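Shown below: final-v9.pdb, with PDB, C-alpha atoms.
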```pdb
ATOM      1  CA  MET A   1     -68.167 233.398  -4.615
ATOM      2  CA  SER A   2     -70.254 233.425  -7.762
ATOM      3  CA  SER A   3     -69.748 232.933 -11.474
ATOM      4  CA  PRO A   4     -71.976 233.229 -14.543
ATOM      5  CA  LEU A   5     -73.975 230.089 -15.181
ATOM      6  CA  VAL A   6     -72.914 228.081 -18.173
ATOM      7  CA  THR A   7     -75.318 225.969 -20.210
ATOM      8  CA  LEU A   8     -74.970 222.436 -18.888
ATOM      9  CA  ALA A   9     -74.018 219.763 -21.422
ATOM     10  CA  ARG A  10     -76.378 216.827 -21.724
ATOM     11  CA  LYS A  11     -73.913 214.609 -23.578
ATOM     12  CA  CYS A  12     -70.211 214.157 -22.950
ATOM     13  CA  LYS A  13     -68.150 215.677 -25.754
ATOM     14  CA  GLY A  14     -65.550 212.964 -25.264
ATOM     15  CA  CYS A  15     -67.625 209.772 -25.322
ATOM     16  CA  SER A  16     -71.204 211.007 -26.041
ATOM     17  CA  ARG A  17     -72.476 209.484 -22.825
ATOM     18  CA  GLU A  18     -75.630 210.971 -21.288
ATOM     19  CA  LEU A  19     -74.701 213.090 -18.277
ATOM     20  CA  PRO A  20     -76.738 214.126 -15.217
ATOM     21  CA  ALA A  21     -77.447 217.864 -15.065
ATOM     22  CA  GLU A  22     -75.266 218.531 -11.996
ATOM     23  CA  ILE A  23     -72.185 216.561 -13.040
ATOM     24  CA  LEU A  24     -68.906 218.408 -13.727
ATOM     25  CA  ALA A  25     -66.839 215.637 -15.340
ATOM     26  CA  CYS A  26     -67.735 212.479 -17.210
ATOM     27  CA  GLU A  27     -67.341 209.447 -14.960
ATOM     28  CA  GLN A  28     -66.409 207.271 -17.922
ATOM     29  CA  CYS A  29     -63.819 209.294 -19.885
ATOM     30  CA  HIS A  30     -63.200 212.111 -17.322
ATOM     31  CA  THR A  31     -63.862 214.843 -19.896
ATOM     32  CA  LEU A  32     -64.710 218.145 -18.213
ATOM     33  CA  VAL A  33     -68.244 219.330 -18.936
ATOM     34  CA  HIS A  34     -67.272 223.013 -18.953
ATOM     35  CA  ALA A  35     -63.961 222.619 -20.764
ATOM     36  CA  GLU A  36     -64.582 225.477 -23.206
ATOM     37  CA  GLU A  37     -65.573 227.963 -20.498
ATOM     38  CA  LEU A  38     -62.604 226.875 -18.393
ATOM     39  CA  GLU A  39     -60.268 227.441 -21.321
ATOM     40  CA  ARG A  40     -61.706 230.933 -21.830
ATOM     41  CA  LEU A  41     -61.312 231.825 -18.152
ATOM     42  CA  SER A  42     -57.791 230.412 -18.111
ATOM     43  CA  ALA A  43     -56.732 232.434 -21.165
ATOM     44  CA  ALA A  44     -58.190 235.627 -19.712
ATOM     45  CA  ALA A  45     -56.499 235.038 -16.346
ATOM     46  CA  LYS A  46     -53.115 234.388 -17.964
ATOM     47  CA  ALA A  47     -53.436 237.566 -20.039
ATOM     48  CA  LEU A  48     -54.150 239.543 -16.852
ATOM     49  CA  GLU A  49     -51.141 237.962 -15.159
ATOM     50  CA  LYS A  50     -48.903 239.157 -18.014
ATOM     51  CA  GLN A  51     -50.206 242.658 -17.303
ATOM     52  CA  GLN A  52     -49.433 242.066 -13.589
ATOM     53  CA  ASP A  53     -53.085 242.656 -12.735
ATOM     54  CA  TRP A  54     -52.929 240.084  -9.946
ATOM     55  CA  GLN A  55     -56.309 240.791  -8.353
ATOM     56  CA  GLN A  56     -58.336 240.504 -11.566
ATOM     57  CA  ALA A  57     -56.403 237.397 -12.607
ATOM     58  CA  ARG A  58     -57.199 235.909  -9.212
ATOM     59  CA  GLU A  59     -60.896 236.618  -9.664
ATOM     60  CA  ASN A  60     -60.903 234.888 -13.059
ATOM     61  CA  TRP A  61     -59.310 231.796 -11.580
ATOM     62  CA  ARG A  62     -61.862 231.865  -8.746
ATOM     63  CA  LYS A  63     -64.679 231.795 -11.311
ATOM     64  CA  ALA A  64     -63.229 228.572 -12.704
ATOM     65  CA  LEU A  65     -63.386 226.662  -9.404
ATOM     66  CA  PRO A  66     -67.172 225.955  -9.360
ATOM     67  CA  LEU A  67     -66.821 224.437 -12.848
ATOM     68  CA  LEU A  68     -64.341 221.779 -11.680
ATOM     69  CA  PRO A  69     -64.732 218.710  -9.451
ATOM     70  CA  ARG A  70     -63.497 219.771  -6.020
ATOM     71  CA  GLU A  71     -60.922 216.976  -5.659
ATOM     72  CA  SER A  72     -59.600 217.211  -9.230
ATOM     73  CA  THR A  73     -55.955 217.989  -9.968
ATOM     74  CA  GLN A  74     -56.995 221.147 -11.850
ATOM     75  CA  SER A  75     -59.018 222.410  -8.880
ATOM     76  CA  VAL A  76     -56.144 221.847  -6.451
ATOM     77  CA  TRP A  77     -53.710 223.591  -8.813
ATOM     78  CA  ILE A  78     -56.008 226.598  -9.224
ATOM     79  CA  GLN A  79     -56.481 226.927  -5.452
ATOM     80  CA  ASP A  80     -52.719 226.900  -4.939
ATOM     81  CA  HIS A  81     -52.248 229.377  -7.798
ATOM     82  CA  ILE A  82     -54.842 231.743  -6.307
ATOM     83  CA  HIS A  83     -52.825 231.903  -3.073
ATOM     84  CA  LYS A  84     -49.664 232.698  -5.047
ATOM     85  CA  LEU A  85     -51.454 235.490  -6.902
ATOM     86  CA  GLN A  86     -52.707 236.903  -3.618
ATOM     87  CA  ALA A  87     -49.136 236.901  -2.308
ATOM     88  CA  ALA A  88     -47.994 238.710  -5.473
ATOM     89  CA  ALA A  89     -50.783 241.277  -5.053
ATOM     90  CA  ASP A  90     -49.831 241.841  -1.399
ATOM     91  CA  GLN A  91     -46.198 242.303  -2.366
ATOM     92  CA  ALA A  92     -47.132 244.807  -5.085
ATOM     93  CA  ASP A  93     -49.257 246.765  -2.594
ATOM     94  CA  ALA A  94     -46.392 246.772  -0.098
ATOM     95  CA  GLN A  95     -43.971 248.062  -2.728
ATOM     96  CA  HIS A  96     -46.426 250.787  -3.682
ATOM     97  CA  THR A  97     -46.787 251.797  -0.028
ATOM     98  CA  ARG A  98     -43.002 251.890   0.432
ATOM     99  CA  SER A  99     -42.614 254.046  -2.684
ATOM    100  CA  LYS A 100     -45.281 256.422  -1.409
ATOM    101  CA  TRP A 101     -43.550 256.811   1.942
ATOM    102  CA  ALA A 102     -40.132 257.134   0.273
ATOM    103  CA  SER A 103     -41.341 260.160  -1.682
ATOM    104  CA  LYS A 104     -42.520 261.768   1.570
ATOM    105  CA  LEU A 105     -39.375 261.002   3.563
ATOM    106  CA  GLY A 106     -37.014 262.484   0.980
ATOM    107  CA  PRO A 107     -33.334 262.006   1.975
ATOM    108  CA  LEU A 108     -34.318 259.738   4.908
ATOM    109  CA  ALA A 109     -35.950 257.253   2.542
ATOM    110  CA  PRO A 110     -32.887 254.919   2.160
ATOM    111  CA  LEU A 111     -32.556 254.582   5.948
ATOM    112  CA  ALA A 112     -36.283 253.847   6.339
ATOM    113  CA  LEU A 113     -36.082 251.207   3.601
ATOM    114  CA  VAL A 114     -33.154 249.473   5.328
ATOM    115  CA  LEU A 115     -35.064 249.401   8.625
ATOM    116  CA  VAL A 116     -38.182 247.954   6.999
ATOM    117  CA  LYS A 117     -36.193 245.226   5.286
ATOM    118  CA  ALA A 118     -34.291 244.430   8.482
ATOM    119  CA  LYS A 119     -37.548 244.132  10.423
ATOM    120  CA  THR A 120     -39.032 241.807   7.813
ATOM    121  CA  PHE A 121     -35.884 239.673   7.804
ATOM    122  CA  PHE A 122     -35.734 239.235  11.557
ATOM    123  CA  LEU A 123     -39.462 238.594  11.892
ATOM    124  CA  THR A 124     -39.255 235.904   9.221
ATOM    125  CA  ILE A 125     -36.065 234.150  10.270
ATOM    126  CA  PHE A 126     -36.044 234.620  14.011
ATOM    127  CA  LYS A 127     -39.573 233.884  15.084
ATOM    128  CA  LEU A 128     -39.403 234.273  18.845
ATOM    129  CA  LYS A 129     -41.634 231.356  19.758
ATOM    130  CA  PHE A 130     -39.767 229.127  17.312
ATOM    131  CA  LEU A 131     -36.370 229.941  18.825
ATOM    132  CA  LEU A 132     -37.464 229.831  22.453
ATOM    133  CA  SER A 133     -39.380 226.580  22.095
ATOM    134  CA  LEU A 134     -36.523 224.942  20.147
ATOM    135  CA  GLY A 135     -34.032 226.060  22.814
ATOM    136  CA  ALA A 136     -36.166 224.633  25.628
ATOM    137  CA  PHE A 137     -36.742 221.435  23.642
ATOM    138  CA  MET A 138     -33.001 220.996  23.033
ATOM    139  CA  ALA A 139     -32.144 221.755  26.677
ATOM    140  CA  LEU A 140     -34.526 219.064  27.941
ATOM    141  CA  TYR A 141     -33.073 216.294  25.779
ATOM    142  CA  TRP A 142     -29.533 217.502  26.527
ATOM    143  CA  LYS A 143     -30.341 217.003  30.212
ATOM    144  CA  ILE A 144     -31.868 213.553  29.675
ATOM    145  CA  TYR A 145     -29.497 212.031  27.107
ATOM    146  CA  GLY A 146     -26.358 214.152  27.277
ATOM    147  CA  ALA A 147     -25.134 216.869  24.945
ATOM    148  CA  TRP A 148     -24.411 215.007  21.698
ATOM    149  CA  PHE A 149     -27.435 212.726  21.600
ATOM    150  CA  GLY A 150     -29.759 215.389  23.049
ATOM    151  CA  ILE A 151     -28.824 218.041  20.492
ATOM    152  CA  GLY A 152     -28.829 215.532  17.631
ATOM    153  CA  PHE A 153     -32.245 214.180  18.629
ATOM    154  CA  ALA A 154     -33.725 217.693  18.829
ATOM    155  CA  LEU A 155     -32.290 218.525  15.393
ATOM    156  CA  MET A 156     -33.861 215.392  13.915
ATOM    157  CA  ILE A 157     -37.259 216.481  15.243
ATOM    158  CA  LEU A 158     -36.607 219.900  13.706
ATOM    159  CA  ILE A 159     -35.853 218.298  10.318
ATOM    160  CA  HIS A 160     -39.090 216.309  10.549
ATOM    161  CA  GLU A 161     -41.120 219.465  11.201
ATOM    162  CA  MET A 162     -39.321 221.398   8.472
ATOM    163  CA  GLY A 163     -40.401 218.650   6.089
ATOM    164  CA  HIS A 164     -44.014 219.658   6.783
ATOM    165  CA  TYR A 165     -43.189 223.368   6.611
ATOM    166  CA  ILE A 166     -41.302 223.201   3.303
ATOM    167  CA  ASP A 167     -43.968 221.030   1.653
ATOM    168  CA  ILE A 168     -46.687 223.482   2.716
ATOM    169  CA  LYS A 169     -44.763 226.547   1.547
ATOM    170  CA  ARG A 170     -43.864 225.047  -1.836
ATOM    171  CA  ARG A 171     -47.584 224.662  -2.476
ATOM    172  CA  GLY A 172     -48.047 228.386  -1.888
ATOM    173  CA  LEU A 173     -49.994 227.888   1.343
ATOM    174  CA  PRO A 174     -49.536 229.921   4.555
ATOM    175  CA  ALA A 175     -47.631 228.244   7.392
ATOM    176  CA  GLU A 176     -45.798 229.221  10.569
ATOM    177  CA  MET A 177     -42.373 228.029  11.681
ATOM    178  CA  PRO A 178     -42.454 224.939  13.943
ATOM    179  CA  VAL A 179     -43.298 225.239  17.620
ATOM    180  CA  PHE A 180     -41.716 222.725  20.034
ATOM    181  CA  LEU A 181     -43.328 221.319  23.167
ATOM    182  CA  PRO A 182     -40.559 219.935  25.406
ATOM    183  CA  GLY A 183     -41.260 216.331  26.305
ATOM    184  CA  LEU A 184     -44.253 216.108  23.969
ATOM    185  CA  GLY A 185     -43.196 216.880  20.401
ATOM    186  CA  ALA A 186     -43.645 219.691  17.906
ATOM    187  CA  TYR A 187     -46.116 220.962  15.340
ATOM    188  CA  VAL A 188     -46.424 223.259  12.324
ATOM    189  CA  SER A 189     -49.496 225.500  12.215
ATOM    190  CA  TRP A 190     -50.920 226.021   8.713
ATOM    191  CA  LYS A 191     -54.169 226.874   6.962
ATOM    192  CA  ALA A 192     -55.474 224.229   4.581
ATOM    193  CA  LEU A 193     -57.806 226.752   2.861
ATOM    194  CA  GLY A 194     -59.906 224.123   1.129
ATOM    195  CA  VAL A 195     -57.071 221.964  -0.240
ATOM    196  CA  SER A 196     -57.838 218.387  -1.194
ATOM    197  CA  GLY A 197     -57.561 215.455   1.161
ATOM    198  CA  GLU A 198     -54.674 214.054  -0.865
ATOM    199  CA  THR A 199     -52.769 217.328  -0.432
ATOM    200  CA  ARG A 200     -53.320 217.179   3.332
ATOM    201  CA  ALA A 201     -52.090 213.583   3.329
ATOM    202  CA  ALA A 202     -48.990 214.512   1.314
ATOM    203  CA  VAL A 203     -48.175 217.326   3.756
ATOM    204  CA  SER A 204     -48.593 214.904   6.676
ATOM    205  CA  LEU A 205     -46.255 212.325   5.133
ATOM    206  CA  ALA A 206     -43.661 214.948   4.162
ATOM    207  CA  GLY A 207     -42.565 215.188   7.815
ATOM    208  CA  PRO A 208     -41.763 211.464   8.196
ATOM    209  CA  PHE A 209     -40.057 211.488   4.790
ATOM    210  CA  ALA A 210     -37.787 214.344   5.919
ATOM    211  CA  GLY A 211     -37.210 212.416   9.154
ATOM    212  CA  TRP A 212     -36.105 209.411   7.097
ATOM    213  CA  LEU A 213     -33.587 211.579   5.215
ATOM    214  CA  ALA A 214     -32.188 212.697   8.586
ATOM    215  CA  SER A 215     -31.901 209.049   9.696
ATOM    216  CA  VAL A 216     -30.110 208.168   6.456
ATOM    217  CA  ALA A 217     -27.608 210.986   7.055
ATOM    218  CA  CYS A 218     -26.931 209.683  10.582
ATOM    219  CA  ALA A 219     -26.598 206.101   9.300
ATOM    220  CA  LEU A 220     -24.019 207.201   6.720
ATOM    221  CA  LEU A 221     -22.055 209.074   9.407
ATOM    222  CA  TRP A 222     -22.080 205.929  11.557
ATOM    223  CA  TRP A 223     -20.863 203.840   8.640
ATOM    224  CA  LYS A 224     -18.117 206.387   7.905
ATOM    225  CA  THR A 225     -16.937 207.050  11.472
ATOM    226  CA  GLY A 226     -17.969 203.981  13.451
ATOM    227  CA  ASN A 227     -19.255 206.294  16.202
ATOM    228  CA  GLY A 228     -22.213 204.619  17.902
ATOM    229  CA  ILE A 229     -23.918 207.948  18.618
ATOM    230  CA  TRP A 230     -24.838 208.228  14.922
ATOM    231  CA  ALA A 231     -26.311 204.724  14.858
ATOM    232  CA  ALA A 232     -28.354 205.528  17.968
ATOM    233  CA  LEU A 233     -29.655 208.738  16.377
ATOM    234  CA  ALA A 234     -30.499 206.968  13.099
ATOM    235  CA  ARG A 235     -32.403 204.199  14.898
ATOM    236  CA  SER A 236     -34.140 206.519  17.368
ATOM    237  CA  GLY A 237     -35.227 208.889  14.592
ATOM    238  CA  ALA A 238     -36.583 206.030  12.484
ATOM    239  CA  TRP A 239     -38.407 204.443  15.443
ATOM    240  CA  LEU A 240     -40.000 207.726  16.483
ATOM    241  CA  ASN A 241     -41.127 208.513  12.931
ATOM    242  CA  VAL A 242     -42.765 205.087  12.630
ATOM    243  CA  MET A 243     -44.596 205.862  15.884
ATOM    244  CA  ASN A 244     -45.778 209.081  14.246
ATOM    245  CA  LEU A 245     -47.319 207.040  11.426
ATOM    246  CA  ILE A 246     -49.785 205.322  13.758
ATOM    247  CA  PRO A 247     -53.148 206.323  12.208
ATOM    248  CA  ILE A 248     -54.682 208.179  15.121
ATOM    249  CA  TRP A 249     -55.908 211.754  14.741
ATOM    250  CA  ILE A 250     -53.122 213.605  16.568
ATOM    251  CA  LEU A 251     -50.295 211.953  14.572
ATOM    252  CA  ASP A 252     -49.243 212.264  10.925
ATOM    253  CA  GLY A 253     -50.550 208.811  10.115
ATOM    254  CA  GLY A 254     -53.995 209.884  11.294
ATOM    255  CA  GLN A 255     -54.152 212.603   8.641
ATOM    256  CA  ALA A 256     -52.757 210.415   5.870
ATOM    257  CA  VAL A 257     -55.205 207.552   6.460
ATOM    258  CA  LEU A 258     -58.247 209.800   5.963
ATOM    259  CA  VAL A 259     -58.013 209.477   2.158
ATOM    260  CA  LEU A 260     -57.463 205.687   2.162
ATOM    261  CA  ASN A 261     -60.414 203.398   1.510
ATOM    262  CA  LYS A 262     -60.963 200.114   3.348
ATOM    263  CA  ALA A 263     -58.847 198.026   0.978
ATOM    264  CA  GLU A 264     -55.961 200.479   1.253
ATOM    265  CA  ARG A 265     -56.168 200.487   5.043
ATOM    266  CA  ILE A 266     -55.930 196.703   4.922
ATOM    267  CA  VAL A 267     -52.788 197.110   2.799
ATOM    268  CA  ILE A 268     -51.211 199.329   5.480
ATOM    269  CA  LEU A 269     -52.262 196.825   8.167
ATOM    270  CA  SER A 270     -50.787 193.874   6.252
ATOM    271  CA  VAL A 271     -47.515 195.624   5.435
ATOM    272  CA  CYS A 272     -47.006 196.618   9.079
ATOM    273  CA  VAL A 273     -47.693 193.105  10.376
ATOM    274  CA  LEU A 274     -45.223 191.714   7.829
ATOM    275  CA  LEU A 275     -42.547 194.248   8.828
ATOM    276  CA  ALA A 276     -43.114 193.642  12.542
ATOM    277  CA  LEU A 277     -42.742 189.865  12.149
ATOM    278  CA  SER A 278     -39.761 190.134   9.813
ATOM    279  CA  LEU A 279     -37.766 192.647  11.857
ATOM    280  CA  GLY A 280     -38.974 191.912  15.376
ATOM    281  CA  GLU A 281     -39.818 195.600  15.767
ATOM    282  CA  GLY A 282     -42.967 195.968  17.849
ATOM    283  CA  VAL A 283     -43.527 199.565  16.770
ATOM    284  CA  PHE A 284     -44.917 198.308  13.455
ATOM    285  CA  PHE A 285     -47.546 196.329  15.387
ATOM    286  CA  LEU A 286     -48.721 199.655  16.839
ATOM    287  CA  VAL A 287     -49.199 201.078  13.323
ATOM    288  CA  ALA A 288     -50.989 197.866  12.336
ATOM    289  CA  ALA A 289     -53.292 198.152  15.356
ATOM    290  CA  GLY A 290     -54.144 201.725  14.415
ATOM    291  CA  ALA A 291     -54.887 200.671  10.829
ATOM    292  CA  ALA A 292     -57.107 197.828  12.116
ATOM    293  CA  TRP A 293     -59.078 200.280  14.245
ATOM    294  CA  ARG A 294     -59.513 202.603  11.253
ATOM    295  CA  LEU A 295     -61.249 199.783   9.368
ATOM    296  CA  PHE A 296     -64.290 200.335  11.609
ATOM    297  CA  THR A 297     -64.430 204.117  11.809
ATOM    298  CA  LYS A 298     -66.979 206.154   9.830
ATOM    299  CA  ASP A 299     -64.446 208.210   7.872
ATOM    300  CA  ILE A 300     -63.677 205.674   5.123
ATOM    301  CA  PRO A 301     -63.915 207.267   1.637
ATOM    302  CA  GLU A 302     -65.330 205.370  -1.311
ATOM    303  CA  GLN A 303     -62.673 206.492  -3.774
ATOM    304  CA  PRO A 304     -59.132 205.092  -3.426
ATOM    305  CA  SER A 305     -55.975 207.170  -3.160
ATOM    306  CA  ARG A 306     -53.283 204.996  -4.690
ATOM    307  CA  VAL A 307     -50.677 207.765  -4.592
ATOM    308  CA  THR A 308     -51.110 208.221  -0.836
ATOM    309  CA  THR A 309     -51.087 204.456  -0.263
ATOM    310  CA  ALA A 310     -47.839 204.098  -2.196
ATOM    311  CA  TYR A 311     -46.332 207.059  -0.311
ATOM    312  CA  PHE A 312     -47.393 205.634   3.060
ATOM    313  CA  VAL A 313     -46.059 202.132   2.303
ATOM    314  CA  GLY A 314     -42.863 203.549   0.821
ATOM    315  CA  VAL A 315     -42.104 205.605   3.927
ATOM    316  CA  LEU A 316     -42.778 202.587   6.173
ATOM    317  CA  ALA A 317     -40.431 200.454   4.072
ATOM    318  CA  CYS A 318     -37.706 203.122   4.204
ATOM    319  CA  PHE A 319     -37.838 203.229   8.004
ATOM    320  CA  ALA A 320     -37.854 199.426   8.134
ATOM    321  CA  LEU A 321     -34.591 199.441   6.179
ATOM    322  CA  ILE A 322     -32.970 201.831   8.676
ATOM    323  CA  LEU A 323     -34.138 199.750  11.653
ATOM    324  CA  TRP A 324     -32.845 196.592   9.991
ATOM    325  CA  LEU A 325     -29.406 198.058   9.244
ATOM    326  CA  MET A 326     -28.793 199.840  12.569
ATOM    327  CA  PRO A 327     -27.603 197.918  15.650
ATOM    328  CA  GLY A 328     -29.835 197.720  18.688
ATOM    329  CA  GLN A 329     -33.540 197.246  19.192
ATOM    330  CA  GLY A 330     -36.442 199.603  19.726
ATOM    331  CA  PHE A 331     -35.679 203.236  20.560
ATOM    332  CA  GLY A 332     -31.949 203.324  19.861
ATOM    333  CA  ASN A 333     -28.990 201.752  21.546
ATOM    334  CA  ARG A 334     -26.138 203.903  22.719
TER     335      ARG A 334
END
```
Take the structure from the file and write it as structure tokens.
Amino acid sequence: MSSPLVTLARKCKGCSRELPAEILACEQCHTLVHAEELERLSAAAKALEKQQDWQQARENWRKALPLLPRESTQSVWIQDHIHKLQAAADQADAQHTRSKWASKLGPLAPLALVLVKAKTFFLTIFKLKFLLSLGAFMALYWKIYGAWFGIGFALMILIHEMGHYIDIKRRGLPAEMPVFLPGLGAYVSWKALGVSGETRAAVSLAGPFAGWLASVACALLWWKTGNGIWAALARSGAWLNVMNLIPIWILDGGQAVLVLNKAERIVILSVCVLLALSLGEGVFFLVAAGAAWRLFTKDIPEQPSRVTTAYFVGVLACFALILWLMPGQGFGNR
């Protein structure tokens, strides 16, 4: 990817501070060095979008990326927008291809169009590996815990994974439907495509947040009906999601902690110790132990991520509330 070189500013236009030649934004007032060029590229890209010239608009946005700090909000937005424009271009090409074939098929064109749409629908909604793996996953827990708890538990895992999937898709990024590994867990395969660390962290925490919403729904059903199965599902879902927040690489917490500096990792450690002592829930000690270990790894960034820290702590607190309100201890109590 290349773009025309722009004359580098020596002084910040916002605060008149002397700037190094390679800097892209003033460290003092955060004014963008290439603001005028970025505005020109943005205006040109938006004009091309109005003309539905998706490919050229995409190229203009791509030229803007080297002029922005990689982790900036503007850079992340442009990267997401580029993917959306590519999707629009692909859709336009597909429509053009369908129109071309329709003109050749003549009276058979309506039938061909129905078949194409049906194929797209079934490939999107009924992904074979998604359905088969979910069925096997549900069957296993049905066998272990019985029908009601087994099905409910599998559905709560599904809601957790759909939290990841929906958060990825709303950002315009490619993702596949969840795949379930009976007895082990589940995962959503997606392509980060150069997104920021904070975006990766947000996607990782979206799964536990969705899992918390599922636990809340079960807790409300328990409160309304008095049926202990709902309390067991609420507690089990909360406990398992807290386990998933342990900051080791294979779990969601491991991805989220990558953008937290040392002080923020200490915050997570302290909060988890406090919750463990207050509630008598040992699972929070496991998260605390993971956070303690991550104080000595070599992946600690210099810059803080207060948004991710607040998100992480907030999700932990939400699960602590569920565990406090639900009867039992540990992984559910039926």
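Atom pair CA of Leu32 (chain A) / CA of Leu68 (chain A): separated by 7.5 Å.
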- [ ] Tell me, in Å to one decimal, how far CA of Gln303 (chain A) is from CA of Ala263 (chain A).
- [x] 10.4 Å
Open item on the list: With the PyMOL selection byres ((chain A and resi 256) around 9) as the selection, what would be picked from this file? Answer as number ranges by chain, please.
Closed with: A: 197-198, 200-205, 245, 247, 252-255, 257-260, 308-309, 312
Using the chain letters and numbers from the file, which residues does the PyMOL selection byres ((chain A and resi 86) around 12) grab, as a CSV table (one decimal) with C-alpha atoms, keeping the file's coordinate frame?
```
chain,number,residue,atom,x,y,z
A,49,GLU,CA,-51.1,238.0,-15.2
A,52,GLN,CA,-49.4,242.1,-13.6
A,53,ASP,CA,-53.1,242.7,-12.7
A,54,TRP,CA,-52.9,240.1,-9.9
A,55,GLN,CA,-56.3,240.8,-8.4
A,56,GLN,CA,-58.3,240.5,-11.6
A,57,ALA,CA,-56.4,237.4,-12.6
A,58,ARG,CA,-57.2,235.9,-9.2
A,59,GLU,CA,-60.9,236.6,-9.7
A,61,TRP,CA,-59.3,231.8,-11.6
A,62,ARG,CA,-61.9,231.9,-8.7
A,79,GLN,CA,-56.5,226.9,-5.5
A,80,ASP,CA,-52.7,226.9,-4.9
A,81,HIS,CA,-52.2,229.4,-7.8
A,82,ILE,CA,-54.8,231.7,-6.3
A,83,HIS,CA,-52.8,231.9,-3.1
A,84,LYS,CA,-49.7,232.7,-5.0
A,85,LEU,CA,-51.5,235.5,-6.9
A,87,ALA,CA,-49.1,236.9,-2.3
A,88,ALA,CA,-48.0,238.7,-5.5
A,89,ALA,CA,-50.8,241.3,-5.1
A,90,ASP,CA,-49.8,241.8,-1.4
A,91,GLN,CA,-46.2,242.3,-2.4
A,92,ALA,CA,-47.1,244.8,-5.1
A,93,ASP,CA,-49.3,246.8,-2.6
A,172,GLY,CA,-48.0,228.4,-1.9
A,173,LEU,CA,-50.0,227.9,1.3
A,174,PRO,CA,-49.5,229.9,4.6
```
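From CA of Leu19 (chain A) back to CA of Pro66 (chain A), the distance works out to 17.4 Å.
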- [ ] Would you list the residues near (-28.3, 210.7, 8.2), meaning any protein, DNA or RNA residue with an atom at most 12 Å from that point in file coordinates, counting all atoms listed in the file, as a ChimeraX atom specification?
- [x] /A:152-153,155-156,159,210-224,229-238,322,326
- [ ] With a distance cut-off of 8 Å and only C-alpha atoms, select the neighbouring residues of Ala292 (chain A), excluding the residue or stretch itself and same-chain residues fewer than 2 positions from it, and output the selection as a count of residues only.
- [x] 9
Using only the atoms of region 280-298 of chain A listed in the file, plus 4 Å on each side, state the axis-aligned box centre and edge lengths in Å rounded to one decimal, as JSON.
```
{"center_x": -53.0, "center_y": 199.0, "center_z": 13.6, "size_x": 36.0, "size_y": 22.2, "size_z": 16.5}
```
Task: Contacts of Glu37 (chain A) within 9 Å, all atoms listed in the file, excl. fewer than 2 positions in-chain, as an NGL selection string - done: :A and (6 or 34-35 or 39-42 or 64 or 67)
Can I get the selected residues back with C-alpha atoms, as an mmCIF file, in the coordinates of the input?
```cif
data_model
loop_
_atom_site.group_PDB
_atom_site.id
_atom_site.type_symbol
_atom_site.label_atom_id
_atom_site.label_comp_id
_atom_site.auth_asym_id
_atom_site.auth_seq_id
_atom_site.Cartn_x
_atom_site.Cartn_y
_atom_site.Cartn_z
ATOM 1 C CA VAL A 6 -72.914 228.081 -18.173
ATOM 2 C CA HIS A 34 -67.272 223.013 -18.953
ATOM 3 C CA ALA A 35 -63.961 222.619 -20.764
ATOM 4 C CA GLU A 39 -60.268 227.441 -21.321
ATOM 5 C CA ARG A 40 -61.706 230.933 -21.830
ATOM 6 C CA LEU A 41 -61.312 231.825 -18.152
ATOM 7 C CA SER A 42 -57.791 230.412 -18.111
ATOM 8 C CA ALA A 64 -63.229 228.572 -12.704
ATOM 9 C CA LEU A 67 -66.821 224.437 -12.848
#
```
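When the PyMOL selection byres ((chain A and resi 168) around 10) is run on the displayed coordinates, the residues it returns are A:Met162, A:Gly163, A:His164, A:Tyr165, A:Ile166, A:Asp167, A:Lys169, A:Arg170, A:Arg171, A:Gly172, A:Leu173, A:Pro174, A:Ala175, A:Glu176, A:Val188, A:Trp190, A:Lys191, A:Ala192, A:Thr199, A:Arg200, A:Ala202, A:Val203, A:Ser204, A:Ala206.
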TODO: Please check which residues have atoms at most 8 Å from (-39.9, 196.5, 12.7) in the file's coordinates, counting only C-alpha atoms, and write them as a PyMOL selection string.
DONE: chain A and resi 272+275-284+320+323-324
Please write the residues from the selection above to a file, keeping C-alpha atoms, as a CSV table (one decimal), keeping the file's coordinate frame.
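Dumped to again.csv:
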```
chain,number,residue,atom,x,y,z
A,272,CYS,CA,-47.0,196.6,9.1
A,275,LEU,CA,-42.5,194.2,8.8
A,276,ALA,CA,-43.1,193.6,12.5
A,277,LEU,CA,-42.7,189.9,12.1
A,278,SER,CA,-39.8,190.1,9.8
A,279,LEU,CA,-37.8,192.6,11.9
A,280,GLY,CA,-39.0,191.9,15.4
A,281,GLU,CA,-39.8,195.6,15.8
A,282,GLY,CA,-43.0,196.0,17.8
A,283,VAL,CA,-43.5,199.6,16.8
A,284,PHE,CA,-44.9,198.3,13.5
A,320,ALA,CA,-37.9,199.4,8.1
A,323,LEU,CA,-34.1,199.8,11.7
A,324,TRP,CA,-32.8,196.6,10.0
```
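Distances here use only C-alpha atoms; by that measure, the residue among A:Thr225, A:Ser305, A:Ser75, A:Thr297 closest to Glu264 (chain A) is A:Ser305.
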